[in-house]
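Below is the file structure39.txt, which contains compact mmCIF, C-alpha atoms and all ligand atoms.
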```txt
# COMPACT_ATOMS: atom_id res chain seq x y z
CA MET A 7 90.64 -33.09 75.13
CA THR A 8 89.82 -32.20 78.71
CA THR A 9 86.42 -30.80 79.46
CA LEU A 10 86.55 -27.43 81.15
CA LYS A 11 83.62 -27.37 83.49
CA TYR A 12 83.42 -24.66 86.15
CA LEU A 13 81.55 -25.98 89.13
CA LEU A 14 80.84 -24.12 92.33
CA PRO A 15 80.22 -25.80 95.68
CA GLU A 16 76.68 -25.63 97.07
CA ASP A 17 77.61 -22.98 99.59
CA ARG A 18 78.44 -20.56 96.78
CA ILE A 19 74.84 -20.35 95.55
CA PRO A 20 74.07 -16.62 95.76
CA THR A 21 71.99 -15.78 98.84
CA THR A 22 70.48 -12.66 97.24
CA TRP A 23 68.91 -11.90 93.88
CA CYS A 24 70.26 -8.76 92.27
CA ASN A 25 68.19 -5.87 90.95
CA VAL A 26 69.99 -3.53 88.55
CA LEU A 27 66.93 -1.39 87.82
CA PRO A 28 67.87 1.38 90.29
CA ASP A 29 71.21 1.74 88.47
CA LEU A 30 69.87 2.17 84.93
CA PRO A 31 70.48 5.55 83.27
CA SER A 32 66.69 6.04 83.12
CA PRO A 33 63.92 4.17 84.93
CA VAL A 34 61.94 1.31 83.40
CA PRO A 35 58.46 2.76 82.68
CA PRO A 36 55.79 1.40 85.06
CA LEU A 37 52.97 -1.03 84.32
CA LEU A 38 49.64 0.74 83.83
CA HIS A 39 46.22 -0.23 85.14
CA PRO A 40 44.12 -1.50 82.18
CA GLY A 41 41.11 0.63 83.19
CA THR A 42 42.53 3.92 84.51
CA ARG A 43 45.84 3.85 82.60
CA GLU A 44 47.55 5.08 85.78
CA PRO A 45 50.68 3.31 87.09
CA VAL A 46 49.64 0.11 88.86
CA THR A 47 49.70 0.01 92.62
CA GLY A 48 50.29 -2.95 94.89
CA GLU A 49 46.57 -2.98 95.56
CA ASP A 50 45.81 -3.36 91.84
CA LEU A 51 48.03 -6.44 91.67
CA ALA A 52 46.80 -8.01 94.91
CA PRO A 53 44.10 -10.20 93.29
CA LEU A 54 46.80 -11.82 91.14
CA PHE A 55 49.96 -12.04 93.26
CA PRO A 56 50.92 -12.38 96.94
CA ALA A 57 52.34 -9.34 98.77
CA GLU A 58 55.98 -10.40 98.70
CA VAL A 59 55.92 -10.96 94.95
CA ILE A 60 54.25 -7.56 94.45
CA ALA A 61 56.90 -5.91 96.63
CA GLN A 62 59.57 -7.44 94.39
CA GLU A 63 57.73 -6.43 91.21
CA LEU A 64 57.54 -2.79 92.29
CA GLY A 65 60.63 -2.75 94.52
CA THR A 66 63.80 -0.70 94.28
CA ALA A 67 66.16 -2.60 96.60
CA ARG A 68 69.44 -3.52 94.90
CA GLU A 69 69.62 -6.89 96.67
CA VAL A 70 66.76 -9.13 97.74
CA ASP A 71 67.37 -12.00 100.15
CA ILE A 72 66.61 -15.48 98.82
CA PRO A 73 64.55 -17.27 101.50
CA GLY A 74 66.22 -20.29 103.12
CA ALA A 75 63.40 -22.59 102.02
CA VAL A 76 64.02 -21.53 98.42
CA LEU A 77 67.78 -22.04 98.74
CA ASP A 78 67.07 -25.54 100.10
CA VAL A 79 65.26 -26.37 96.85
CA TYR A 80 67.82 -24.58 94.66
CA ARG A 81 70.47 -26.86 96.17
CA GLN A 82 68.85 -29.84 94.44
CA TRP A 83 70.47 -28.72 91.18
CA ARG A 84 72.29 -25.44 91.77
CA PRO A 85 74.90 -24.12 91.22
CA SER A 86 74.44 -25.10 87.58
CA PRO A 87 77.59 -25.71 85.54
CA LEU A 88 79.39 -23.21 83.34
CA VAL A 89 81.04 -25.21 80.59
CA ARG A 90 83.62 -24.23 78.01
CA ALA A 91 82.48 -25.79 74.71
CA ARG A 92 85.93 -26.79 73.55
CA ARG A 93 84.89 -29.53 71.14
CA LEU A 94 82.56 -27.08 69.49
CA GLU A 95 85.27 -24.41 69.36
CA ARG A 96 87.56 -26.91 67.67
CA SER A 97 84.90 -27.99 65.16
CA LEU A 98 84.32 -24.33 64.28
CA ASP A 99 88.06 -23.67 64.08
CA THR A 100 87.51 -20.42 65.94
CA PRO A 101 89.87 -18.51 68.20
CA ALA A 102 86.81 -17.48 70.28
CA ARG A 103 86.30 -18.96 73.72
CA LEU A 104 82.75 -20.27 73.84
CA TYR A 105 81.06 -20.94 77.19
CA PHE A 106 77.55 -22.00 78.05
CA LYS A 107 75.68 -21.76 81.33
CA TYR A 108 73.57 -24.92 81.47
CA GLU A 109 70.15 -24.64 83.11
CA GLY A 110 68.94 -28.02 81.82
CA VAL A 111 70.19 -29.67 85.05
CA SER A 112 67.01 -28.63 86.89
CA PRO A 113 64.34 -31.31 87.55
CA THR A 114 62.19 -30.07 84.65
CA GLY A 115 65.11 -29.39 82.33
CA SER A 116 65.13 -25.59 82.10
CA HIS A 117 65.71 -22.36 84.05
CA LYS A 118 61.99 -22.00 84.85
CA PRO A 119 62.13 -23.57 88.35
CA ASN A 120 64.43 -20.70 89.46
CA THR A 121 61.31 -18.53 89.64
CA ALA A 122 58.61 -21.20 90.02
CA VAL A 123 60.06 -22.21 93.40
CA PRO A 124 60.08 -18.74 95.03
CA GLN A 125 56.66 -17.93 93.54
CA ALA A 126 55.13 -21.08 95.00
CA TYR A 127 56.88 -20.42 98.32
CA TYR A 128 55.58 -16.83 98.65
CA ASN A 129 52.06 -17.92 97.70
CA ARG A 130 52.13 -20.70 100.26
CA ARG A 131 53.24 -18.25 102.94
CA ALA A 132 50.36 -15.95 102.00
CA GLY A 133 47.84 -18.77 102.53
CA VAL A 134 47.05 -19.30 98.85
CA ARG A 135 45.74 -22.79 98.04
CA ARG A 136 45.97 -23.01 94.26
CA LEU A 137 48.09 -21.46 91.50
CA VAL A 138 46.77 -21.01 87.98
CA THR A 139 48.99 -20.38 85.01
CA GLU A 140 49.49 -20.78 81.27
CA THR A 141 52.23 -22.64 79.48
CA GLY A 142 53.53 -22.72 75.92
CA ALA A 143 55.80 -25.68 75.31
CA GLY A 144 55.15 -26.89 78.84
CA GLN A 145 58.44 -25.88 80.45
CA TRP A 146 56.81 -23.29 82.68
CA GLY A 147 53.75 -25.40 83.49
CA SER A 148 55.87 -28.37 84.52
CA SER A 149 58.15 -26.14 86.61
CA LEU A 150 55.26 -24.54 88.45
CA ALA A 151 53.65 -27.97 88.92
CA LEU A 152 56.90 -29.19 90.50
CA ALA A 153 57.15 -26.15 92.79
CA CYS A 154 53.50 -26.48 93.82
CA SER A 155 54.02 -30.10 94.72
CA TYR A 156 56.97 -29.11 96.95
CA PHE A 157 54.96 -26.46 98.78
CA GLY A 158 51.60 -28.27 98.94
CA LEU A 159 49.64 -26.11 96.48
CA ASP A 160 47.20 -27.21 93.79
CA CYS A 161 48.19 -26.24 90.26
CA GLU A 162 46.04 -25.63 87.21
CA VAL A 163 47.61 -25.05 83.80
CA PHE A 164 46.22 -23.73 80.51
CA MET A 165 48.47 -25.19 77.83
CA VAL A 166 48.57 -23.66 74.35
CA ARG A 167 46.72 -26.10 72.10
CA VAL A 168 49.47 -26.50 69.48
CA SER A 169 51.94 -27.57 72.20
CA TYR A 170 49.34 -29.71 73.97
CA ASP A 171 49.17 -31.72 70.73
CA GLN A 172 52.91 -31.50 69.85
CA LYS A 173 54.31 -32.28 73.33
CA PRO A 174 52.15 -34.84 75.13
CA TYR A 175 54.98 -35.88 77.47
CA ARG A 176 55.18 -32.38 78.96
CA ARG A 177 51.55 -32.76 79.92
CA GLY A 178 52.36 -36.15 81.42
CA LEU A 179 55.13 -34.51 83.45
CA MET A 180 52.76 -31.83 84.78
CA GLU A 181 50.24 -34.50 85.75
CA THR A 182 52.96 -36.52 87.45
CA PHE A 183 53.63 -33.49 89.68
CA GLY A 184 49.89 -33.30 90.38
CA ALA A 185 48.76 -30.46 88.11
CA SER A 186 45.55 -30.41 86.10
CA VAL A 187 46.03 -29.35 82.49
CA HIS A 188 43.56 -27.85 79.98
CA PRO A 189 44.29 -27.28 76.30
CA SER A 190 43.88 -23.57 75.52
CA PRO A 191 41.54 -22.29 74.18
CA SER A 192 39.29 -24.22 76.57
CA PRO A 193 35.56 -24.13 77.27
CA ARG A 194 36.34 -23.37 80.93
CA THR A 195 36.60 -19.56 80.47
CA ALA A 196 34.76 -16.84 78.54
CA ALA A 197 38.00 -15.92 76.72
CA GLY A 198 38.46 -19.55 75.70
CA ARG A 199 34.84 -20.00 74.64
CA ALA A 200 35.01 -16.86 72.46
CA ALA A 201 38.16 -18.16 70.74
CA LEU A 202 36.58 -21.58 70.16
CA ALA A 203 33.43 -19.99 68.77
CA ALA A 204 35.53 -18.01 66.30
CA ASP A 205 37.57 -21.08 65.32
CA PRO A 206 36.93 -24.54 66.82
CA GLU A 207 40.38 -25.64 65.57
CA ALA A 208 42.23 -22.63 67.10
CA THR A 209 45.88 -23.50 67.89
CA GLY A 210 45.98 -20.92 70.67
CA SER A 211 48.67 -18.55 71.84
CA LEU A 212 50.40 -17.68 75.08
CA GLY A 213 48.46 -14.41 75.13
CA LEU A 214 45.15 -16.27 75.05
CA ALA A 215 46.25 -18.85 77.62
CA ILE A 216 47.22 -15.97 79.97
CA SER A 217 43.72 -14.52 79.54
CA GLU A 218 42.23 -17.87 80.51
CA ALA A 219 44.43 -18.25 83.58
CA VAL A 220 43.82 -14.67 84.78
CA GLU A 221 40.09 -15.05 84.22
CA ALA A 222 40.00 -18.34 86.12
CA VAL A 223 41.64 -16.59 89.10
CA ALA A 224 39.48 -13.46 88.91
CA THR A 225 36.22 -15.43 88.75
CA GLY A 226 37.27 -18.07 91.30
CA ASP A 227 36.57 -18.43 95.02
CA GLY A 228 39.45 -16.20 96.13
CA THR A 229 41.78 -19.00 97.24
CA ALA A 230 43.73 -19.06 93.96
CA LYS A 231 46.36 -16.75 92.55
CA TYR A 232 48.09 -16.39 89.23
CA ALA A 233 51.77 -17.03 88.43
CA LEU A 234 53.70 -15.82 85.39
CA GLY A 235 56.87 -17.56 84.17
CA SER A 236 58.53 -14.67 82.35
CA VAL A 237 58.31 -10.99 81.32
CA LEU A 238 57.71 -9.36 84.71
CA ASN A 239 60.41 -7.71 86.84
CA HIS A 240 60.14 -10.20 89.71
CA VAL A 241 60.68 -13.11 87.33
CA LEU A 242 63.86 -11.57 85.92
CA LEU A 243 64.95 -10.81 89.48
CA HIS A 244 64.65 -14.48 90.49
CA GLN A 245 66.57 -15.53 87.39
CA THR A 246 69.59 -13.38 88.33
CA VAL A 247 70.78 -16.38 90.30
CA ILE A 248 72.04 -17.62 86.91
CA GLY A 249 74.25 -14.65 86.08
CA GLN A 250 75.56 -14.25 89.61
CA GLU A 251 76.79 -17.83 89.59
CA ALA A 252 78.24 -17.32 86.12
CA ARG A 253 80.23 -14.32 87.36
CA LEU A 254 81.81 -16.42 90.09
CA GLN A 255 82.50 -19.20 87.59
CA PHE A 256 84.21 -16.78 85.22
CA GLN A 257 86.49 -15.85 88.10
CA LEU A 258 87.41 -19.53 88.42
CA ALA A 259 88.04 -19.61 84.67
CA ASP A 260 90.11 -16.42 84.95
CA ASP A 261 88.13 -14.99 82.04
CA ARG A 262 85.29 -12.53 81.44
CA PRO A 263 82.64 -12.41 78.72
CA ASP A 264 82.80 -9.92 75.88
CA ILE A 265 79.43 -11.09 74.54
CA VAL A 266 76.40 -12.49 76.41
CA ILE A 267 73.76 -14.26 74.31
CA GLY A 268 70.36 -15.68 75.18
CA ALA A 269 67.13 -16.80 73.53
CA ALA A 270 64.39 -14.33 74.40
CA GLY A 271 60.75 -15.35 74.66
CA GLY A 272 59.68 -13.03 77.46
CA GLY A 273 63.31 -12.30 78.34
CA SER A 274 63.83 -14.13 81.64
CA ASN A 275 66.73 -16.53 80.98
CA PHE A 276 68.53 -13.90 78.91
CA GLY A 277 67.94 -11.24 81.57
CA GLY A 278 68.89 -13.65 84.34
CA LEU A 279 72.27 -14.33 82.78
CA LEU A 280 72.89 -10.78 81.57
CA LEU A 281 71.81 -8.43 84.36
CA PRO A 282 74.53 -9.33 86.90
CA PHE A 283 77.18 -8.73 84.20
CA LEU A 284 75.48 -5.49 83.19
CA ARG A 285 76.18 -4.15 86.68
CA GLU A 286 79.79 -3.66 85.59
CA HIS A 287 78.76 -1.67 82.50
CA PRO A 288 79.89 2.00 82.58
CA ALA A 289 76.35 3.04 81.57
CA LEU A 290 75.18 1.68 84.93
CA GLY A 291 78.00 3.31 86.83
CA GLY A 292 80.16 0.20 86.76
CA ARG A 293 83.91 0.04 86.17
CA GLY A 294 83.56 -1.91 82.93
CA PRO A 295 84.03 -3.64 80.65
CA ALA A 296 80.97 -2.81 78.55
CA VAL A 297 79.61 -6.23 77.77
CA ARG A 298 77.78 -6.74 74.44
CA ALA A 299 74.41 -8.39 74.87
CA ILE A 300 72.42 -10.12 72.14
CA ALA A 301 68.82 -11.28 72.57
CA VAL A 302 67.77 -13.88 69.99
CA GLU A 303 64.21 -14.43 68.89
CA PRO A 304 62.41 -16.46 66.20
CA ALA A 305 62.01 -14.78 62.81
CA SER A 306 58.35 -15.85 62.98
CA CYS A 307 57.71 -14.05 66.30
CA PRO A 308 60.08 -11.05 66.17
CA SER A 309 58.88 -8.74 68.95
CA LEU A 310 62.23 -7.06 69.71
CA THR A 311 63.40 -6.73 66.10
CA ARG A 312 60.11 -5.95 64.36
CA GLY A 313 57.57 -5.08 67.06
CA ARG A 314 56.46 -1.60 68.06
CA TYR A 315 57.64 -0.10 71.34
CA GLU A 316 54.38 0.86 72.98
CA TYR A 317 52.05 0.11 75.86
CA ASP A 318 50.24 -3.17 75.27
CA PHE A 319 48.42 -5.85 77.19
CA GLY A 320 50.19 -9.01 78.30
CA ASP A 321 47.25 -11.17 77.19
CA SER A 322 44.92 -11.33 74.23
CA ALA A 323 41.69 -10.44 76.07
CA GLY A 324 43.14 -7.29 77.68
CA LEU A 325 42.73 -8.39 81.30
CA THR A 326 46.32 -7.78 82.46
CA PRO A 327 48.10 -4.48 83.21
CA LEU A 328 49.63 -2.67 80.23
CA ALA A 329 53.39 -2.80 79.83
CA LEU A 330 55.64 -0.56 77.73
CA MET A 331 57.40 -3.16 75.64
CA HIS A 332 58.30 -4.28 72.15
CA THR A 333 55.14 -5.98 70.97
CA LEU A 334 53.61 -7.54 67.90
CA GLY A 335 50.15 -6.70 69.27
CA HIS A 336 48.29 -8.63 71.96
CA ASP A 337 46.09 -10.39 69.40
CA PHE A 338 49.07 -11.64 67.36
CA VAL A 339 48.95 -15.43 66.97
CA PRO A 340 52.43 -16.71 66.07
CA PRO A 341 52.90 -19.69 63.75
CA GLY A 342 53.15 -23.09 65.47
CA ILE A 343 56.94 -23.31 65.58
CA HIS A 344 58.49 -25.85 67.93
CA ALA A 345 60.12 -23.25 70.15
CA GLY A 346 56.80 -22.81 72.00
CA GLY A 347 58.51 -20.86 74.79
CA LEU A 348 59.38 -18.11 72.30
CA ARG A 349 55.85 -17.74 70.88
CA TYR A 350 54.93 -14.62 72.84
CA HIS A 351 53.79 -11.31 71.34
CA GLY A 352 55.62 -9.08 73.82
CA MET A 353 58.94 -8.73 75.61
CA SER A 354 59.98 -7.99 79.18
CA PRO A 355 59.76 -4.22 79.84
CA VAL A 356 63.30 -4.42 81.28
CA ILE A 357 64.78 -6.01 78.16
CA SER A 358 62.73 -3.68 75.94
CA HIS A 359 64.02 -0.67 77.87
CA LEU A 360 67.62 -1.92 77.63
CA ARG A 361 67.16 -2.27 73.90
CA GLU A 362 65.91 1.33 73.68
CA LEU A 363 68.94 2.43 75.72
CA GLY A 364 71.23 0.63 73.26
CA LEU A 365 72.47 -1.79 75.92
CA VAL A 366 70.92 -4.85 74.27
CA GLU A 367 71.04 -5.86 70.60
CA ALA A 368 68.41 -8.10 69.06
CA ARG A 369 68.57 -10.66 66.30
CA ALA A 370 65.83 -12.77 64.70
CA VAL A 371 66.69 -16.18 63.28
CA PRO A 372 64.67 -18.72 61.27
CA GLN A 373 63.72 -22.06 62.80
CA THR A 374 65.72 -24.41 60.54
CA ALA A 375 68.97 -22.47 61.07
CA CYS A 376 68.42 -22.89 64.80
CA PHE A 377 67.99 -26.65 64.60
CA GLU A 378 71.06 -26.88 62.39
CA ALA A 379 73.02 -25.15 65.17
CA GLY A 380 71.39 -27.33 67.82
CA VAL A 381 72.42 -30.53 66.04
CA ARG A 382 75.95 -29.24 65.63
CA PHE A 383 76.09 -28.38 69.31
CA ALA A 384 74.71 -31.80 70.31
CA ARG A 385 77.31 -33.62 68.24
CA SER A 386 80.16 -31.73 69.93
CA GLU A 387 78.90 -31.27 73.48
CA GLY A 388 76.49 -34.17 73.97
CA ILE A 389 73.54 -32.06 75.12
CA VAL A 390 70.51 -31.69 72.84
CA PRO A 391 69.39 -28.06 73.25
CA ALA A 392 65.72 -27.19 73.73
CA PRO A 393 64.26 -25.65 70.55
CA GLU A 394 64.21 -22.29 72.36
CA SER A 395 67.86 -22.62 73.41
CA CYS A 396 68.84 -23.46 69.80
CA HIS A 397 68.23 -19.78 69.04
CA ALA A 398 71.02 -18.79 71.43
CA VAL A 399 73.26 -21.55 70.09
CA ARG A 400 72.73 -20.26 66.52
CA VAL A 401 73.93 -16.75 67.33
CA ALA A 402 76.78 -18.02 69.53
CA LEU A 403 78.00 -20.06 66.54
CA ASP A 404 77.62 -17.05 64.24
CA GLU A 405 79.65 -14.87 66.61
CA ALA A 406 82.32 -17.56 66.96
CA LEU A 407 82.49 -17.86 63.17
CA ALA A 408 82.82 -14.08 62.91
CA CYS A 409 85.84 -14.39 65.21
CA ARG A 410 87.31 -16.94 62.82
CA GLU A 411 87.03 -14.35 60.05
CA SER A 412 88.42 -11.49 62.10
CA GLY A 413 90.97 -13.54 64.04
CA GLU A 414 89.72 -12.10 67.34
CA ALA A 415 89.74 -14.33 70.43
CA LYS A 416 86.55 -13.04 72.03
CA THR A 417 84.94 -14.64 75.04
CA ILE A 418 81.34 -15.57 74.34
CA VAL A 419 78.86 -16.95 76.86
CA PHE A 420 75.37 -18.09 76.05
CA SER A 421 72.48 -19.34 78.07
CA LEU A 422 71.71 -22.99 77.36
CA SER A 423 68.31 -22.52 78.94
CA GLY A 424 67.16 -26.12 78.66
CA HIS A 425 67.46 -29.55 77.06
CA ALA A 426 65.15 -31.06 74.45
CA HIS A 427 64.33 -34.44 75.98
CA PHE A 428 60.61 -33.71 75.70
CA ASP A 429 61.00 -32.04 72.31
CA MET A 430 62.59 -34.77 70.24
CA GLN A 431 59.69 -34.68 67.80
CA ALA A 432 60.97 -31.26 66.78
CA TYR A 433 64.36 -32.74 65.89
CA MET A 434 62.71 -35.66 64.09
CA ASP A 435 60.65 -33.19 62.04
CA TYR A 436 63.83 -31.28 61.28
CA PHE A 437 65.59 -34.44 60.07
CA ALA A 438 62.51 -35.43 58.05
CA GLY A 439 62.63 -32.03 56.35
CA THR A 440 59.11 -31.11 57.40
CA LEU A 441 60.07 -28.00 59.39
CA THR A 442 59.54 -24.74 57.57
CA ASP A 443 60.68 -21.20 58.26
C1 LIG A 501 60.48 -20.64 78.47
C2 LIG A 501 61.78 -20.90 77.85
C3 LIG A 501 62.49 -19.91 77.14
C4 LIG A 501 61.93 -18.55 76.89
O1 LIG A 501 61.54 -17.83 78.01
P1 LIG A 501 62.39 -16.63 78.61
O2 LIG A 501 61.51 -16.06 79.63
O3 LIG A 501 62.65 -15.67 77.48
O4 LIG A 501 63.62 -17.21 79.15
C5 LIG A 501 63.74 -20.20 76.66
N1 LIG A 501 64.28 -21.44 76.81
C6 LIG A 501 63.63 -22.42 77.46
C7 LIG A 501 64.27 -23.76 77.58
C8 LIG A 501 62.37 -22.19 78.01
O5 LIG A 501 61.73 -23.15 78.66
```
Please express the file's structure as structure tokens.
Amino acid sequence: MTTLKYLLPEDRIPTTWCNVLPDLPSPVPPLLHPGTREPVTGEDLAPLFPAEVIAQELGTAREVDIPGAVLDVYRQWRPSPLVRARRLERSLDTPARLYFKYEGVSPTGSHKPNTAVPQAYYNRRAGVRRLVTETGAGQWGSSLALACSYFGLDCEVFMVRVSYDQKPYRRGLMETFGASVHPSPSPRTAAGRAALAADPEATGSLGLAISEAVEAVATGDGTAKYALGSVLNHVLLHQTVIGQEARLQFQLADDRPDIVIGAAGGGSNFGGLLLPFLREHPALGGRGPAVRAIAVEPASCPSLTRGRYEYDFGDSAGLTPLALMHTLGHDFVPPGIHAGGLRYHGMSPVISHLRELGLVEARAVPQTACFEAGVRFARSEGIVPAPESCHAVRVALDEALACRESGEAKTIVFSLSGHAHFDMQAYMDYFAGTLTD
């Protein structure tokens, strides 16, 4: 069986990121200042982010140029492949055409460098010396560490304790790129000390690690800024490089997706794949077709399916702006599932808004069903999906199996956001039967 892999030459990497927000039927509600509860201004965000990032966060331009220095780095692994999973289709005996866009070809093995690289670049240009961040499973921390090493910035990472213990090689990777890594909660910040006082064995959460990183920047010497790997508008903007490439690759394949699927932690890989396709949706003034979009989340951290749609903080201590989003509450501490990148209490305001508009569906799936799908995918396609990506694989399989029942030959594309080479303990636990839902 021939592999159908749709590759683009380097000179077809998109030179702009695309912003669909101006075309939505109603605007995405703004972030609010945590003190005044008024919409945030650029000035409010200036202690955290450099001016160009703030302009993108608040901006309304439909296209934003990708700087040449960022394209130079993207070319190390982009364009990423779009692959038709024909062995998997055959094993499922489905008439569906199943494609995946594979972001695991980046140096750190996920889509995260697509935004880490421009964020480090803009900070460098603004004269910032050090970036501080949080990380769950370590994908974001290692990607920012990589980008900081390219642009000559120091990098400090607060890593959620449960992942710090579960995934020691991710920490090794961050240190290889020159970052310093603290387990979170840590004694370095007031937020961390309070959490440790309440429970010395605290496993931590992304919300708490964000509080620590923001506090470290706010109380520092002014030469550091903060970087966030998901949720915010500028992060989704940077990730649209994924979907724009995929659109070109579908032209090569002479096909177009009926269904777009992605795992959603904060919503950035899903949004990055989806938003360029959504431009064609009639609800956004496009000529169609109306693509179906499914965000997949863990049953144990179900913000989109079970959370409330309300203004909430991005972090547990309440230091960040408030976002209108689907949220489980900023003090929610999710169970220590292996998909650390999906253990976040909230969801991107853009994805939340699209869900409210009925343009995005959401599904929650239990952990073991995801690993079952991941193993099945690995045995057909030879790539071991990251625990987060297994969530997308699960629903892609379910949709392909639904096509077997209905006899419909739908075209399904999902985001294979990363590989699991640093997460093999998760698979070993699954095989040993020690993973629970
Ligand atoms: C971080 C991560 C996710 C979840 O984050 P999003 O912002 O929702 O994309 C998904 N998959 C992988 C491999 C990740 O590293």
| When the cut-off is 6 Å and you count only C-alpha atoms and all ligand atoms, which residues lie near ligand LIG 501 (chain A), shown as JSON, numbers by chain? | {"A": [116, 145, 236, 269, 270, 271, 272, 273, 274, 275, 276, 347, 348, 392, 394, 395, 423, 424]}
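Of the listed residues A:Gly292, A:Pro393, A:Pro113, A:Pro35, the one whose atoms come nearest to Met430 (chain A) is A:Pro393, with distances taken using all atoms listed in the file.
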Write out as JSON lines the residues of region 192-290 of chain A that have any atom within 9 Å of an atom of region 56-72 of chain A, one row each with the nearest atom pair and its distance in Å to one decimal, counting all atoms listed in the file, sorted by chain and then rising number.
```
{"residue": "A:Lys231", "atom": "CA", "partner": "A:Pro56", "partner_atom": "CA", "distance": 7.7}
{"residue": "A:Leu238", "atom": "CA", "partner": "A:Glu63", "partner_atom": "CA", "distance": 7.1}
{"residue": "A:Asn239", "atom": "CA", "partner": "A:Glu63", "partner_atom": "CA", "distance": 5.3}
{"residue": "A:His240", "atom": "CA", "partner": "A:Glu63", "partner_atom": "CA", "distance": 4.7}
{"residue": "A:Val241", "atom": "CA", "partner": "A:Glu63", "partner_atom": "CA", "distance": 8.3}
{"residue": "A:Leu243", "atom": "CA", "partner": "A:Gln62", "partner_atom": "CA", "distance": 8.0}
{"residue": "A:His244", "atom": "CA", "partner": "A:Ile72", "partner_atom": "CA", "distance": 8.6}
```
Padded axis-aligned box of region 250-253 of chain A (4 Å per side), centre and edge lengths, Å, one decimal, as JSON:
```
{"center_x": 77.9, "center_y": -16.0, "center_z": 87.9, "size_x": 12.7, "size_y": 11.6, "size_z": 11.5}
```
| Contacts of region 78-86 of chain A at 6 Å or less, counting all atoms listed in the file, minus same-chain residues fewer than 3 places along, as a list in words? |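 Once the nearby chain positions are removed, what remains is Ile19, Ala75 and Ser112 of chain A.
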| field | Near-region 351-363 of chain A list (6 Å; all atoms listed in the file; drop same-chain fewer than 2 positions) as a ChimeraX atom specification | value | /A:237,272-273,309,330-334,365-366
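Proximity to Arg298 (chain A) was assessed for A:Phe420, A:Tyr127, A:Phe106, A:Phe338 counting only C-alpha atoms; the smallest distance is recorded for A:Phe420.
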| request: Write out as a PyMOL selection string each polymer residue whose atoms come within 9 Å of region 184-199 of chain A, counting all atoms listed in the file; drop sequence neighbours fewer than 3 positions from it. | output: chain A and resi 140+147-148+150-152+154-155+160-171+177+179-181+202-204+206+208-212+214-215+217-219+221-222+322-323
Could the residues in this selection be written to a file with C-alpha atoms, as a PDB file, keeping the file's coordinate frame?
```pdb
ATOM      1  CA  GLU A 140      49.490 -20.780  81.270  1.00  0.00           C
ATOM      2  CA  GLY A 147      53.750 -25.400  83.490  1.00  0.00           C
ATOM      3  CA  SER A 148      55.870 -28.370  84.520  1.00  0.00           C
ATOM      4  CA  LEU A 150      55.260 -24.540  88.450  1.00  0.00           C
ATOM      5  CA  ALA A 151      53.650 -27.970  88.920  1.00  0.00           C
ATOM      6  CA  LEU A 152      56.900 -29.190  90.500  1.00  0.00           C
ATOM      7  CA  CYS A 154      53.500 -26.480  93.820  1.00  0.00           C
ATOM      8  CA  SER A 155      54.020 -30.100  94.720  1.00  0.00           C
ATOM      9  CA  ASP A 160      47.200 -27.210  93.790  1.00  0.00           C
ATOM     10  CA  CYS A 161      48.190 -26.240  90.260  1.00  0.00           C
ATOM     11  CA  GLU A 162      46.040 -25.630  87.210  1.00  0.00           C
ATOM     12  CA  VAL A 163      47.610 -25.050  83.800  1.00  0.00           C
ATOM     13  CA  PHE A 164      46.220 -23.730  80.510  1.00  0.00           C
ATOM     14  CA  MET A 165      48.470 -25.190  77.830  1.00  0.00           C
ATOM     15  CA  VAL A 166      48.570 -23.660  74.350  1.00  0.00           C
ATOM     16  CA  ARG A 167      46.720 -26.100  72.100  1.00  0.00           C
ATOM     17  CA  VAL A 168      49.470 -26.500  69.480  1.00  0.00           C
ATOM     18  CA  SER A 169      51.940 -27.570  72.200  1.00  0.00           C
ATOM     19  CA  TYR A 170      49.340 -29.710  73.970  1.00  0.00           C
ATOM     20  CA  ASP A 171      49.170 -31.720  70.730  1.00  0.00           C
ATOM     21  CA  ARG A 177      51.550 -32.760  79.920  1.00  0.00           C
ATOM     22  CA  LEU A 179      55.130 -34.510  83.450  1.00  0.00           C
ATOM     23  CA  MET A 180      52.760 -31.830  84.780  1.00  0.00           C
ATOM     24  CA  GLU A 181      50.240 -34.500  85.750  1.00  0.00           C
ATOM     25  CA  LEU A 202      36.580 -21.580  70.160  1.00  0.00           C
ATOM     26  CA  ALA A 203      33.430 -19.990  68.770  1.00  0.00           C
ATOM     27  CA  ALA A 204      35.530 -18.010  66.300  1.00  0.00           C
ATOM     28  CA  PRO A 206      36.930 -24.540  66.820  1.00  0.00           C
ATOM     29  CA  ALA A 208      42.230 -22.630  67.100  1.00  0.00           C
ATOM     30  CA  THR A 209      45.880 -23.500  67.890  1.00  0.00           C
ATOM     31  CA  GLY A 210      45.980 -20.920  70.670  1.00  0.00           C
ATOM     32  CA  SER A 211      48.670 -18.550  71.840  1.00  0.00           C
ATOM     33  CA  LEU A 212      50.400 -17.680  75.080  1.00  0.00           C
ATOM     34  CA  LEU A 214      45.150 -16.270  75.050  1.00  0.00           C
ATOM     35  CA  ALA A 215      46.250 -18.850  77.620  1.00  0.00           C
ATOM     36  CA  SER A 217      43.720 -14.520  79.540  1.00  0.00           C
ATOM     37  CA  GLU A 218      42.230 -17.870  80.510  1.00  0.00           C
ATOM     38  CA  ALA A 219      44.430 -18.250  83.580  1.00  0.00           C
ATOM     39  CA  GLU A 221      40.090 -15.050  84.220  1.00  0.00           C
ATOM     40  CA  ALA A 222      40.000 -18.340  86.120  1.00  0.00           C
ATOM     41  CA  SER A 322      44.920 -11.330  74.230  1.00  0.00           C
ATOM     42  CA  ALA A 323      41.690 -10.440  76.070  1.00  0.00           C
TER      43      ALA A 323
END
```
